[in-house]
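Peer 1: Below is the file target.pdb, with PDB, C-alpha atoms and all ligand atoms.
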```
ATOM      1  CA  MET A   1      84.384   2.254  85.875
ATOM      2  CA  PRO A   2      85.254   0.615  82.523
ATOM      3  CA  VAL A   3      82.640   0.068  79.848
ATOM      4  CA  LEU A   4      82.832  -2.676  77.214
ATOM      5  CA  GLY A   5      81.580  -2.104  73.655
ATOM      6  CA  ILE A   6      80.857  -4.766  71.027
ATOM      7  CA  GLU A   7      80.598  -3.886  67.337
ATOM      8  CA  SER A   8      79.482  -6.548  64.856
ATOM      9  CA  SER A   9      77.339  -4.798  62.225
ATOM     10  CA  ALA A  10      79.281  -6.038  59.180
ATOM     11  CA  HIS A  11      82.570  -7.787  58.414
ATOM     12  CA  THR A  12      84.460  -6.452  61.457
ATOM     13  CA  LEU A  13      84.011  -7.756  64.970
ATOM     14  CA  GLY A  14      85.311  -5.097  67.342
ATOM     15  CA  ILE A  15      85.614  -5.092  71.123
ATOM     16  CA  GLY A  16      86.578  -1.873  72.865
ATOM     17  CA  ILE A  17      86.991  -0.865  76.488
ATOM     18  CA  VAL A  18      86.657   2.749  77.594
ATOM     19  CA  GLU A  19      86.992   4.382  80.992
ATOM     20  CA  LYS A  20      86.034   8.047  81.521
ATOM     21  CA  GLY A  21      86.495   8.710  77.819
ATOM     22  CA  THR A  22      89.934   7.087  77.690
ATOM     23  CA  ILE A  23      90.224   4.193  75.242
ATOM     24  CA  LEU A  24      91.899   1.278  77.051
ATOM     25  CA  ALA A  25      91.457  -1.312  74.299
ATOM     26  CA  ASN A  26      90.176  -1.444  70.729
ATOM     27  CA  GLU A  27      90.632  -4.976  69.399
ATOM     28  CA  LYS A  28      89.308  -6.176  66.036
ATOM     29  CA  SER A  29      89.018  -9.290  63.954
ATOM     30  CA  MET A  30      88.052  -8.787  60.331
ATOM     31  CA  TYR A  31      86.447 -11.250  57.925
ATOM     32  CA  ARG A  32      88.292 -10.973  54.622
ATOM     33  CA  ILE A  33      85.792 -10.497  51.823
ATOM     34  CA  ARG A  34      86.684 -11.832  48.400
ATOM     35  CA  SER A  35      83.510 -11.411  46.356
ATOM     36  CA  GLY A  36      80.579  -9.844  48.128
ATOM     37  CA  ILE A  37      79.468 -10.386  51.686
ATOM     38  CA  ILE A  38      77.505 -13.474  52.754
ATOM     39  CA  PRO A  39      76.018 -12.423  56.121
ATOM     40  CA  MET A  40      75.688 -15.942  57.599
ATOM     41  CA  ARG A  41      79.337 -16.767  56.856
ATOM     42  CA  VAL A  42      80.490 -13.520  58.438
ATOM     43  CA  ALA A  43      78.264 -14.130  61.461
ATOM     44  CA  ASP A  44      79.816 -17.618  61.878
ATOM     45  CA  PHE A  45      83.261 -16.014  61.738
ATOM     46  CA  HIS A  46      82.281 -13.481  64.451
ATOM     47  CA  ALA A  47      80.788 -16.233  66.627
ATOM     48  CA  ARG A  48      83.999 -18.283  66.346
ATOM     49  CA  ASN A  49      86.187 -15.288  67.232
ATOM     50  CA  CYS A  50      84.217 -13.430  69.894
ATOM     51  CA  GLY A  51      85.629 -15.340  72.904
ATOM     52  CA  MET A  52      89.230 -14.906  71.769
ATOM     53  CA  LEU A  53      88.688 -11.213  71.002
ATOM     54  CA  LEU A  54      87.087 -10.503  74.380
ATOM     55  CA  LYS A  55      90.086 -12.125  76.072
ATOM     56  CA  ARG A  56      92.464 -10.026  73.960
ATOM     57  CA  ALA A  57      90.622  -6.766  74.763
ATOM     58  CA  LEU A  58      90.576  -7.493  78.501
ATOM     59  CA  GLU A  59      94.295  -8.355  78.434
ATOM     60  CA  LYS A  60      95.082  -5.156  76.536
ATOM     61  CA  ALA A  61      93.159  -3.098  79.108
ATOM     62  CA  ARG A  62      94.717  -5.160  81.959
ATOM     63  CA  LEU A  63      91.261  -5.924  83.331
ATOM     64  CA  SER A  64      89.090  -8.931  84.029
ATOM     65  CA  ILE A  65      85.410  -9.214  83.149
ATOM     66  CA  SER A  66      84.488  -8.569  86.807
ATOM     67  CA  ASP A  67      86.014  -5.063  86.490
ATOM     68  CA  ILE A  68      83.542  -4.076  83.757
ATOM     69  CA  ASP A  69      80.773  -1.716  84.835
ATOM     70  CA  ALA A  70      78.466  -1.626  81.813
ATOM     71  CA  ILE A  71      78.203  -3.054  78.336
ATOM     72  CA  GLY A  72      77.159  -1.645  74.963
ATOM     73  CA  TYR A  73      76.527  -3.329  71.617
ATOM     74  CA  THR A  74      75.552  -2.242  68.117
ATOM     75  CA  LYS A  75      71.775  -2.410  67.718
ATOM     76  CA  GLY A  76      71.957  -1.377  64.039
ATOM     77  CA  PRO A  77      72.026  -0.489  61.233
ATOM     78  CA  GLY A  78      73.812  -3.517  59.839
ATOM     79  CA  LEU A  79      73.476  -7.092  58.644
ATOM     80  CA  GLY A  80      71.008  -9.079  60.744
ATOM     81  CA  PRO A  81      73.039 -12.262  61.359
ATOM     82  CA  CYS A  82      76.159 -10.234  62.206
ATOM     83  CA  LEU A  83      74.312  -7.854  64.555
ATOM     84  CA  ARG A  84      72.783 -10.895  66.264
ATOM     85  CA  VAL A  85      76.215 -12.218  67.321
ATOM     86  CA  GLY A  86      77.130  -8.961  69.116
ATOM     87  CA  GLN A  87      73.681  -8.692  70.688
ATOM     88  CA  ILE A  88      73.737 -12.249  72.059
ATOM     89  CA  MET A  89      77.268 -11.793  73.345
ATOM     90  CA  ALA A  90      76.346  -8.525  75.109
ATOM     91  CA  ARG A  91      73.129  -9.924  76.566
ATOM     92  CA  THR A  92      74.931 -13.049  77.807
ATOM     93  CA  ILE A  93      77.631 -11.020  79.584
ATOM     94  CA  ALA A  94      75.007  -8.616  80.976
ATOM     95  CA  VAL A  95      72.883 -11.450  82.398
ATOM     96  CA  GLU A  96      75.859 -13.468  83.706
ATOM     97  CA  SER A  97      77.515 -10.461  85.353
ATOM     98  CA  GLY A  98      74.402  -8.435  86.216
ATOM     99  CA  LEU A  99      75.583  -5.427  84.199
ATOM    100  CA  PRO A 100      73.511  -2.630  82.658
ATOM    101  CA  ILE A 101      73.328  -2.986  78.873
ATOM    102  CA  TYR A 102      73.027  -0.281  76.178
ATOM    103  CA  PRO A 103      71.877  -0.648  72.551
ATOM    104  CA  VAL A 104      73.934   1.751  70.420
ATOM    105  CA  ASN A 105      73.278   3.215  66.971
ATOM    106  CA  HIS A 106      76.286   2.476  64.767
ATOM    107  CA  ALA A 107      76.216   5.764  62.813
ATOM    108  CA  ALA A 108      75.877   7.854  65.984
ATOM    109  CA  ALA A 109      78.858   5.982  67.456
ATOM    110  CA  HIS A 110      81.008   6.841  64.405
ATOM    111  CA  ILE A 111      80.169  10.540  64.835
ATOM    112  CA  GLU A 112      80.514  10.561  68.623
ATOM    113  CA  ILE A 113      84.031   9.080  68.634
ATOM    114  CA  THR A 114      85.117  11.670  66.058
ATOM    115  CA  LYS A 115      83.612  14.488  68.162
ATOM    116  CA  HIS A 116      85.263  13.077  71.268
ATOM    117  CA  LEU A 117      88.733  12.838  69.726
ATOM    118  CA  ALA A 118      88.418  16.283  68.079
ATOM    119  CA  HIS A 119      86.993  17.955  71.233
ATOM    120  CA  PHE A 120      84.182  19.275  69.028
ATOM    121  CA  ASN A 121      80.936  20.521  70.583
ATOM    122  CA  ASP A 122      78.497  20.869  67.733
ATOM    123  CA  PRO A 123      79.910  19.915  64.325
ATOM    124  CA  LEU A 124      78.368  19.341  60.955
ATOM    125  CA  ALA A 125      79.173  15.690  60.279
ATOM    126  CA  LEU A 126      79.704  13.902  56.996
ATOM    127  CA  TYR A 127      79.188  10.206  57.658
ATOM    128  CA  VAL A 128      80.448   8.115  54.772
ATOM    129  CA  SER A 129      80.417   4.339  55.028
ATOM    130  CA  GLY A 130      79.640   1.232  52.999
ATOM    131  CA  GLY A 131      75.947   1.162  53.740
ATOM    132  CA  ASN A 132      75.252   4.862  54.167
ATOM    133  CA  SER A 133      76.249   8.424  53.320
ATOM    134  CA  GLN A 134      74.694  11.262  55.294
ATOM    135  CA  ILE A 135      75.222  14.891  56.310
ATOM    136  CA  LEU A 136      74.095  15.458  59.889
ATOM    137  CA  ALA A 137      74.032  17.845  62.825
ATOM    138  CA  LEU A 138      72.369  17.839  66.235
ATOM    139  CA  ALA A 139      68.877  19.332  66.515
ATOM    140  CA  ASP A 140      66.638  19.781  69.575
ATOM    141  CA  LYS A 141      63.112  19.417  68.208
ATOM    142  CA  PRO A 142      60.969  17.365  68.622
ATOM    143  CA  PHE A 143      63.691  15.689  70.751
ATOM    144  CA  ARG A 144      67.515  15.883  70.781
ATOM    145  CA  HIS A 145      68.638  13.919  67.749
ATOM    146  CA  TYR A 146      70.862  13.966  64.677
ATOM    147  CA  HIS A 147      68.989  15.769  61.936
ATOM    148  CA  ILE A 148      69.816  14.502  58.442
ATOM    149  CA  TYR A 149      70.442  17.465  56.129
ATOM    150  CA  GLY A 150      71.351  15.309  53.173
ATOM    151  CA  GLU A 151      71.785  11.645  52.323
ATOM    152  CA  THR A 152      72.112   9.162  49.497
ATOM    153  CA  PHE A 153      68.971   8.345  47.525
ATOM    154  CA  ASP A 154      70.251   4.845  46.802
ATOM    155  CA  ILE A 155      73.499   3.187  47.984
ATOM    156  CA  GLY A 156      76.284   4.328  50.296
ATOM    157  CA  VAL A 157      79.441   5.689  48.683
ATOM    158  CA  GLY A 158      81.478   2.842  50.215
ATOM    159  CA  ASN A 159      79.324   0.110  48.647
ATOM    160  CA  MET A 160      79.503   1.965  45.340
ATOM    161  CA  LEU A 161      83.324   2.003  45.468
ATOM    162  CA  ASP A 162      83.436  -1.660  46.537
ATOM    163  CA  SER A 163      81.097  -2.699  43.691
ATOM    164  CA  PHE A 164      83.268  -0.837  41.209
ATOM    165  CA  ALA A 165      86.431  -2.419  42.640
ATOM    166  CA  ARG A 166      84.925  -5.880  42.097
ATOM    167  CA  ALA A 167      83.779  -5.038  38.538
ATOM    168  CA  ALA A 168      87.273  -3.693  37.733
ATOM    169  CA  LYS A 169      88.818  -6.836  39.316
ATOM    170  CA  LEU A 170      90.846  -4.746  41.745
ATOM    171  CA  VAL A 171      92.465  -6.515  44.671
ATOM    172  CA  PRO A 172      91.595  -6.137  47.473
ATOM    173  CA  ALA A 173      88.035  -5.677  46.251
ATOM    174  CA  TRP A 174      87.110  -2.583  48.243
ATOM    175  CA  GLY A 175      87.257   1.213  48.151
ATOM    176  CA  SER A 176      90.890   1.709  49.150
ATOM    177  CA  SER A 177      92.011  -0.165  46.030
ATOM    178  CA  VAL A 178      90.021   2.298  43.867
ATOM    179  CA  GLU A 179      92.029   5.123  45.421
ATOM    180  CA  LYS A 180      95.291   3.330  44.586
ATOM    181  CA  ALA A 181      94.154   2.526  41.026
ATOM    182  CA  ALA A 182      93.134   6.172  40.445
ATOM    183  CA  VAL A 183      96.645   7.612  40.923
ATOM    184  CA  GLY A 184      97.750   9.473  37.789
ATOM    185  CA  GLY A 185      94.413   8.999  35.960
ATOM    186  CA  SER A 186      92.760  11.441  33.536
ATOM    187  CA  TYR A 187      89.198  12.667  33.837
ATOM    188  CA  ILE A 188      86.393  11.174  31.721
ATOM    189  CA  GLU A 189      82.953  12.760  31.987
ATOM    190  CA  MET A 190      80.659  10.987  34.473
ATOM    191  CA  PRO A 191      77.013  11.463  35.564
ATOM    192  CA  TYR A 192      76.798  13.829  38.531
ATOM    193  CA  THR A 193      73.695  13.698  40.768
ATOM    194  CA  VAL A 194      73.200  16.197  43.585
ATOM    195  CA  LYS A 195      69.702  17.410  44.491
ATOM    196  CA  GLY A 196      69.988  20.088  47.157
ATOM    197  CA  MET A 197      71.939  18.304  49.887
ATOM    198  CA  ASP A 198      71.058  14.765  48.719
ATOM    199  CA  PHE A 199      72.968  12.663  46.207
ATOM    200  CA  ALA A 200      72.780   9.351  44.303
ATOM    201  CA  PHE A 201      75.466   6.882  43.237
ATOM    202  CA  THR A 202      73.922   4.003  41.273
ATOM    203  CA  GLY A 203      73.817   5.860  37.914
ATOM    204  CA  LEU A 204      77.451   6.819  38.371
ATOM    205  CA  LEU A 205      78.395   3.210  39.199
ATOM    206  CA  THR A 206      76.570   1.761  36.159
ATOM    207  CA  HIS A 207      78.182   4.348  33.872
ATOM    208  CA  ALA A 208      81.675   3.744  35.288
ATOM    209  CA  ILE A 209      81.373  -0.044  34.832
ATOM    210  CA  LYS A 210      80.366   0.505  31.166
ATOM    211  CA  GLU A 211      83.345   2.842  30.664
ATOM    212  CA  LEU A 212      85.702   0.010  31.710
ATOM    213  CA  LYS A 213      85.112  -1.497  28.242
ATOM    214  CA  VAL A 214      86.633   1.539  26.495
ATOM    215  CA  HIS A 215      88.929   3.265  29.000
ATOM    216  CA  SER A 216      91.706   2.160  31.324
ATOM    217  CA  VAL A 217      90.874   1.132  34.905
ATOM    218  CA  ARG A 218      93.076   4.006  36.046
ATOM    219  CA  ASP A 219      91.120   6.696  34.175
ATOM    220  CA  VAL A 220      87.734   5.277  35.144
ATOM    221  CA  ALA A 221      88.725   4.845  38.809
ATOM    222  CA  PHE A 222      90.054   8.407  38.873
ATOM    223  CA  SER A 223      86.907   9.854  37.260
ATOM    224  CA  LEU A 224      84.542   7.846  39.440
ATOM    225  CA  GLN A 225      86.313   8.888  42.614
ATOM    226  CA  GLU A 226      86.580  12.575  41.660
ATOM    227  CA  THR A 227      82.887  12.692  40.700
ATOM    228  CA  ALA A 228      81.563  10.864  43.775
ATOM    229  CA  PHE A 229      83.699  12.894  46.177
ATOM    230  CA  SER A 230      82.805  16.185  44.445
ATOM    231  CA  MET A 231      79.129  15.326  44.915
ATOM    232  CA  LEU A 232      79.683  14.712  48.632
ATOM    233  CA  CYS A 233      81.692  17.934  48.942
ATOM    234  CA  GLU A 234      79.119  20.090  47.120
ATOM    235  CA  ALA A 235      76.308  18.839  49.362
ATOM    236  CA  THR A 236      78.438  19.233  52.515
ATOM    237  CA  GLU A 237      79.440  22.770  51.569
ATOM    238  CA  ARG A 238      75.775  23.663  51.060
ATOM    239  CA  ALA A 239      74.944  22.269  54.517
ATOM    240  CA  LEU A 240      77.850  24.189  56.037
ATOM    241  CA  LEU A 241      76.510  27.428  54.538
ATOM    242  CA  LEU A 242      72.985  26.659  55.727
ATOM    243  CA  THR A 243      73.885  25.702  59.300
ATOM    244  CA  HIS A 244      76.785  28.172  59.823
ATOM    245  CA  LYS A 245      78.628  25.457  61.776
ATOM    246  CA  LYS A 246      82.244  26.187  62.575
ATOM    247  CA  GLU A 247      83.261  22.556  63.046
ATOM    248  CA  LEU A 248      83.269  19.940  60.297
ATOM    249  CA  ALA A 249      83.789  16.258  61.155
ATOM    250  CA  MET A 250      84.091  13.346  58.758
ATOM    251  CA  SER A 251      83.439   9.796  60.021
ATOM    252  CA  GLY A 252      82.955   6.252  58.741
ATOM    253  CA  GLY A 253      84.924   3.786  56.660
ATOM    254  CA  VAL A 254      85.254   6.037  53.590
ATOM    255  CA  ALA A 255      86.636   8.826  55.817
ATOM    256  CA  GLN A 256      89.915   6.910  55.526
ATOM    257  CA  SER A 257      90.239   8.150  51.929
ATOM    258  CA  THR A 258      93.180  10.525  51.549
ATOM    259  CA  ARG A 259      91.582  12.255  48.543
ATOM    260  CA  LEU A 260      88.246  12.885  50.274
ATOM    261  CA  LYS A 261      90.046  14.265  53.342
ATOM    262  CA  GLU A 262      92.032  16.613  51.118
ATOM    263  CA  MET A 263      88.902  17.892  49.332
ATOM    264  CA  LEU A 264      86.866  18.387  52.497
ATOM    265  CA  ARG A 265      89.747  20.080  54.300
ATOM    266  CA  LEU A 266      89.802  22.728  51.551
ATOM    267  CA  ILE A 267      86.068  23.377  51.959
ATOM    268  CA  ALA A 268      86.410  23.719  55.733
ATOM    269  CA  LYS A 269      89.289  26.166  55.258
ATOM    270  CA  GLU A 270      87.298  28.250  52.794
ATOM    271  CA  HIS A 271      84.465  28.586  55.338
ATOM    272  CA  LYS A 272      86.779  29.081  58.331
ATOM    273  CA  ALA A 273      85.556  25.890  59.998
ATOM    274  CA  ARG A 274      87.760  23.523  62.013
ATOM    275  CA  PHE A 275      88.074  20.150  60.297
ATOM    276  CA  TYR A 276      88.772  16.779  61.886
ATOM    277  CA  VAL A 277      88.967  13.176  60.765
ATOM    278  CA  ALA A 278      89.858  10.498  63.319
ATOM    279  CA  PRO A 279      92.810   8.140  62.756
ATOM    280  CA  ASN A 280      91.853   5.183  60.516
ATOM    281  CA  GLU A 281      91.608   2.805  63.484
ATOM    282  CA  PHE A 282      88.499   4.714  64.624
ATOM    283  CA  ASN A 283      86.935   5.235  61.194
ATOM    284  CA  SER A 284      86.856   1.594  60.268
ATOM    285  CA  ASP A 285      84.298  -0.234  62.415
ATOM    286  CA  ASN A 286      85.459  -0.603  66.009
ATOM    287  CA  GLY A 287      84.278  -1.491  69.494
ATOM    288  CA  ALA A 288      85.740   1.612  71.185
ATOM    289  CA  MET A 289      83.115   3.870  69.582
ATOM    290  CA  ILE A 290      80.334   1.622  70.912
ATOM    291  CA  ALA A 291      81.899   1.577  74.382
ATOM    292  CA  LEU A 292      82.230   5.363  74.306
ATOM    293  CA  VAL A 293      78.531   5.957  73.570
ATOM    294  CA  ALA A 294      77.511   3.231  76.048
ATOM    295  CA  GLU A 295      79.578   5.001  78.716
ATOM    296  CA  GLU A 296      77.821   8.299  77.961
ATOM    297  CA  MET A 297      74.398   6.592  78.073
ATOM    298  CA  HIS A 298      75.344   4.955  81.372
ATOM    299  CA  ARG A 299      76.432   8.311  82.795
ATOM    300  CA  SER A 300      73.195   9.990  81.662
ATOM    301  CA  GLY A 301      71.235   7.623  83.911
ATOM    302  CA  LYS A 302      69.106   6.125  81.150
ATOM    303  CA  ARG A 303      68.533   2.384  81.639
ATOM    304  CA  PHE A 304      67.364  -0.349  79.264
ATOM    305  CA  THR A 305      65.717  -3.702  79.956
ATOM    306  CA  LEU A 306      66.733  -6.850  78.086
ATOM    307  CA  LYS A 307      63.471  -6.466  76.119
ATOM    308  CA  ASP A 308      64.744  -3.119  74.771
ATOM    309  CA  CYS A 309      67.973  -4.762  73.643
ATOM    310  CA  THR A 310      66.935  -5.888  70.198
ATOM    311  CA  ILE A 311      68.640  -5.534  66.835
ATOM    312  CA  GLU A 312      67.354  -3.393  63.958
ATOM    313  CA  GLN A 313      68.892  -3.774  60.510
ATOM    314  CA  ARG A 314      67.605  -0.377  59.363
ATOM    315  CA  TYR A 315      68.050   1.528  62.613
ATOM    316  CA  ARG A 316      68.083   5.125  61.389
ATOM    317  CA  ILE A 317      70.128   7.682  63.253
ATOM    318  CA  ASP A 318      67.431  10.397  63.115
ATOM    319  CA  GLY A 319      65.138   8.271  65.308
ATOM    320  CA  VAL A 320      67.723   7.965  68.095
ATOM    321  CA  GLU A 321      67.312  10.229  71.112
ATOM    322  CA  VAL A 322      70.707  11.712  71.943
ATOM    323  CA  ALA A 323      70.091  11.431  75.647
ATOM    324  CA  TRP A 324      73.747  11.162  76.527
ATOM    325  CA  GLU A 325      74.772  14.814  76.076
TER     326      GLU A 325
HETATM  327 FE   FE2 B   1      80.725   1.682  60.150
END
```
Represent the supplied structure as structure tokens.
Ligand code: FE2

Peer 2:
Amino acid sequence: MPVLGIESSAHTLGIGIVEKGTILANEKSMYRIRSGIIPMRVADFHARNCGMLLKRALEKARLSISDIDAIGYTKGPGLGPCLRVGQIMARTIAVESGLPIYPVNHAAAHIEITKHLAHFNDPLALYVSGGNSQILALADKPFRHYHIYGETFDIGVGNMLDSFARAAKLVPAWGSSVEKAAVGGSYIEMPYTVKGMDFAFTGLLTHAIKELKVHSVRDVAFSLQETAFSMLCEATERALLLTHKKELAMSGGVAQSTRLKEMLRLIAKEHKARFYVAPNEFNSDNGAMIALVAEEMHRSGKRFTLKDCTIEQRYRIDGVEVAWE
């Protein structure tokens, strides 16, 4: 009983197909960003590519649309025009084919695919992406949900790295180029903001951009990255001590960072916790994670009407009932 998942919250359009937890297809088309994201342009790109990508995903899974049993799409959080493309596509297929449809929280999907691939039961999760940075774990009261132990007060660590990459004229203008530019750098003092298990990045970003006038890009990139990742690690370690979890999962676009993986792995080892990060294919935005959660929702028996299938740009994970476990 294959389930189709559509992800379109930002610059990646992803279509995944999952059957009983096995990923049959995970196709993507990515809008290449040069200087900042213009949501309407990205949405146009997704709309132009969605038919081709659906065909590609079905071919990869060796299925036709009539074989699909249910459909999931990203409800949010994300950019309105981009989310709208995935929602309309999912609703159209659901109506045309008479399939049940599931609105999926993007952040929960990132965590769930990591848990699934790691065979984790109850991890502490560090979710680090462009738009968000949060430390989470499942809680049962007042309903089963992801409790946020710590999060950014301002911008996500990914957007901070991307903004710096653009200011430093790094190509490509996103976080991975900061990691490359930082190799061999020396540390310059940077503002460090952790309050309990929360953190903030805008002061650090402003300071780093100013430092570009007097220091090399390499030294500033190195210092920025070390400081931001140390902040995330300090807050995560505190949450690990508080929750006594023995599994630590990292998810989201920034989880592709080799340096952050290395730092977090050390913390997990120190606290005798198992550590897992999914392969990059599943940390960048993808349709398989949406299909996976939709399959779990379908299995749990919960059903949604078309009226429930809206989009929500600021759809917070702590308001989502984890009814699929
Ligand atoms: Fe994401």

Peer 1: Could you spell out the hits of the PyMOL selection byres (((not hetatm)) within 10 of (chain B and resi 1)) on the shown file, as an MDAnalysis selection string?

Peer 2: chainID A and resid 7:12 77:78 106:110 127:132 251:254 282:286 289

Peer 1: Name the closest residue to A:Ile311 among the candidates A:Ser230, A:Arg32, A:Phe199, A:Tyr73; distances are taken between atoms, counting all atoms listed in the file.

Peer 2: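 Selected residue with least distance to A:Ile311: A:Tyr73.
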
Peer 1: Which residues fall under the PyMOL selection byres (((chain A and resi 236) around 9) and not hetatm) in this file, as JSON, numbers by chain?

Peer 2: {"A": [124, 125, 126, 135, 149, 150, 197, 231, 232, 233, 234, 235, 237, 238, 239, 240, 241, 264, 267]}

Peer 1: Let me make sure I understand: among A:Gly175, A:Pro81, A:Gly185, A:Gly158, which one has the smallest atom-to-atom distance to A:Phe201 if we use all atoms listed in the file?

Peer 2: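 Ranking A:Gly175, A:Pro81, A:Gly185, A:Gly158 by distance to A:Phe201, first place goes to A:Gly158.
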
Peer 1: Check what the PyMOL selection byres (((chain A and resi 57-69) around 10) and not hetatm) selects in the file above and give those residues as a count of residues only.

Peer 2: 33

Peer 1: Report, in Å with one decimal, the straight-line distance from atom CA of A:Glu270 to atom CA of A:His145.

Peer 2: 27.9 Å

Peer 1: Write out as a compact mmCIF listing (two decimals) with C-alpha atoms, keeping the file's coordinate frame the residues lying within 12 Å of A:Lys210, counting all atoms listed in the file and excluding same-chain residues fewer than 6 positions away.

Peer 2:
```txt
# COMPACT_ATOMS: atom_id res chain seq x y z
CA PHE A 164 83.27 -0.84 41.21
CA ALA A 167 83.78 -5.04 38.54
CA ALA A 168 87.27 -3.69 37.73
CA MET A 190 80.66 10.99 34.47
CA GLY A 203 73.82 5.86 37.91
CA LEU A 204 77.45 6.82 38.37
CA SER A 216 91.71 2.16 31.32
CA VAL A 217 90.87 1.13 34.90
CA VAL A 220 87.73 5.28 35.14
CA LEU A 224 84.54 7.85 39.44
```

Peer 1: Using the file's own x, y and z axes, what box holds all listed atoms of stretch 297-308 of chain A with 5 Å on each side, keeping edges along x, y and z, and what are its centre and edge lengths in Å to one decimal, as AutoDock Vina command-line options?

Peer 2:
```
--center_x 70.0 --center_y 1.6 --center_z 79.3 --size_x 23.0 --size_y 26.8 --size_z 19.1
```

Peer 1: I'd like the neighbourhood of A:Val42 as an MDAnalysis selection string, where a residue qualifies if any of its atoms comes within 12 Å (using all atoms listed in the file), though same-chain residues fewer than 4 positions away should be ignored.

Peer 2: chainID A and resid 8:13 29:34 36:38 46:49 79:85

Peer 1: Please produce an output containing C-alpha atoms for each residue in the selection, written as an mmCIF file, in the frame of the given file.

Peer 2:
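Everything below was put into part.cif:
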```
data_model
loop_
_atom_site.group_PDB
_atom_site.id
_atom_site.type_symbol
_atom_site.label_atom_id
_atom_site.label_comp_id
_atom_site.auth_asym_id
_atom_site.auth_seq_id
_atom_site.Cartn_x
_atom_site.Cartn_y
_atom_site.Cartn_z
ATOM 1 C CA SER A 8 79.482 -6.548 64.856
ATOM 2 C CA SER A 9 77.339 -4.798 62.225
ATOM 3 C CA ALA A 10 79.281 -6.038 59.180
ATOM 4 C CA HIS A 11 82.570 -7.787 58.414
ATOM 5 C CA THR A 12 84.460 -6.452 61.457
ATOM 6 C CA LEU A 13 84.011 -7.756 64.970
ATOM 7 C CA SER A 29 89.018 -9.290 63.954
ATOM 8 C CA MET A 30 88.052 -8.787 60.331
ATOM 9 C CA TYR A 31 86.447 -11.250 57.925
ATOM 10 C CA ARG A 32 88.292 -10.973 54.622
ATOM 11 C CA ILE A 33 85.792 -10.497 51.823
ATOM 12 C CA ARG A 34 86.684 -11.832 48.400
ATOM 13 C CA GLY A 36 80.579 -9.844 48.128
ATOM 14 C CA ILE A 37 79.468 -10.386 51.686
ATOM 15 C CA ILE A 38 77.505 -13.474 52.754
ATOM 16 C CA HIS A 46 82.281 -13.481 64.451
ATOM 17 C CA ALA A 47 80.788 -16.233 66.627
ATOM 18 C CA ARG A 48 83.999 -18.283 66.346
ATOM 19 C CA ASN A 49 86.187 -15.288 67.232
ATOM 20 C CA LEU A 79 73.476 -7.092 58.644
ATOM 21 C CA GLY A 80 71.008 -9.079 60.744
ATOM 22 C CA PRO A 81 73.039 -12.262 61.359
ATOM 23 C CA CYS A 82 76.159 -10.234 62.206
ATOM 24 C CA LEU A 83 74.312 -7.854 64.555
ATOM 25 C CA ARG A 84 72.783 -10.895 66.264
ATOM 26 C CA VAL A 85 76.215 -12.218 67.321
#
```

Peer 1: How far is it from atom CA of A:Gly184 to atom CA of A:Ala221, in Å with one decimal?

Peer 2: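 Between atom CA of A:Gly184 and atom CA of A:Ala221 the gap is 10.2 Å.
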
Peer 1: Work out how far apart atom CA of A:Ile88 and atom CA of A:Gly21 are and give it in Å to one decimal.

Peer 2: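 Atom-to-atom, atom CA of A:Ile88 and atom CA of A:Gly21 are spaced 25.2 Å apart.
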
Peer 1: Which residues are close to A:Val183, i.e. within 12 Å by all atoms listed in the file, leaving aside same-chain residues fewer than 3 positions away? Reply as an mmCIF file with C-alpha atoms, keeping the file's coordinate frame.

Peer 2:
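Final output, around.cif:
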```
data_model
loop_
_atom_site.group_PDB
_atom_site.id
_atom_site.type_symbol
_atom_site.label_atom_id
_atom_site.label_comp_id
_atom_site.auth_asym_id
_atom_site.auth_seq_id
_atom_site.Cartn_x
_atom_site.Cartn_y
_atom_site.Cartn_z
ATOM 1 C CA SER A 176 90.890 1.709 49.150
ATOM 2 C CA SER A 177 92.011 -0.165 46.030
ATOM 3 C CA VAL A 178 90.021 2.298 43.867
ATOM 4 C CA GLU A 179 92.029 5.123 45.421
ATOM 5 C CA LYS A 180 95.291 3.330 44.586
ATOM 6 C CA SER A 186 92.760 11.441 33.536
ATOM 7 C CA TYR A 187 89.198 12.667 33.837
ATOM 8 C CA VAL A 217 90.874 1.132 34.905
ATOM 9 C CA ARG A 218 93.076 4.006 36.046
ATOM 10 C CA ASP A 219 91.120 6.696 34.175
ATOM 11 C CA VAL A 220 87.734 5.277 35.144
ATOM 12 C CA ALA A 221 88.725 4.845 38.809
ATOM 13 C CA PHE A 222 90.054 8.407 38.873
ATOM 14 C CA SER A 223 86.907 9.854 37.260
ATOM 15 C CA GLN A 225 86.313 8.888 42.614
ATOM 16 C CA GLU A 226 86.580 12.575 41.660
ATOM 17 C CA THR A 258 93.180 10.525 51.549
ATOM 18 C CA ARG A 259 91.582 12.255 48.543
#
```
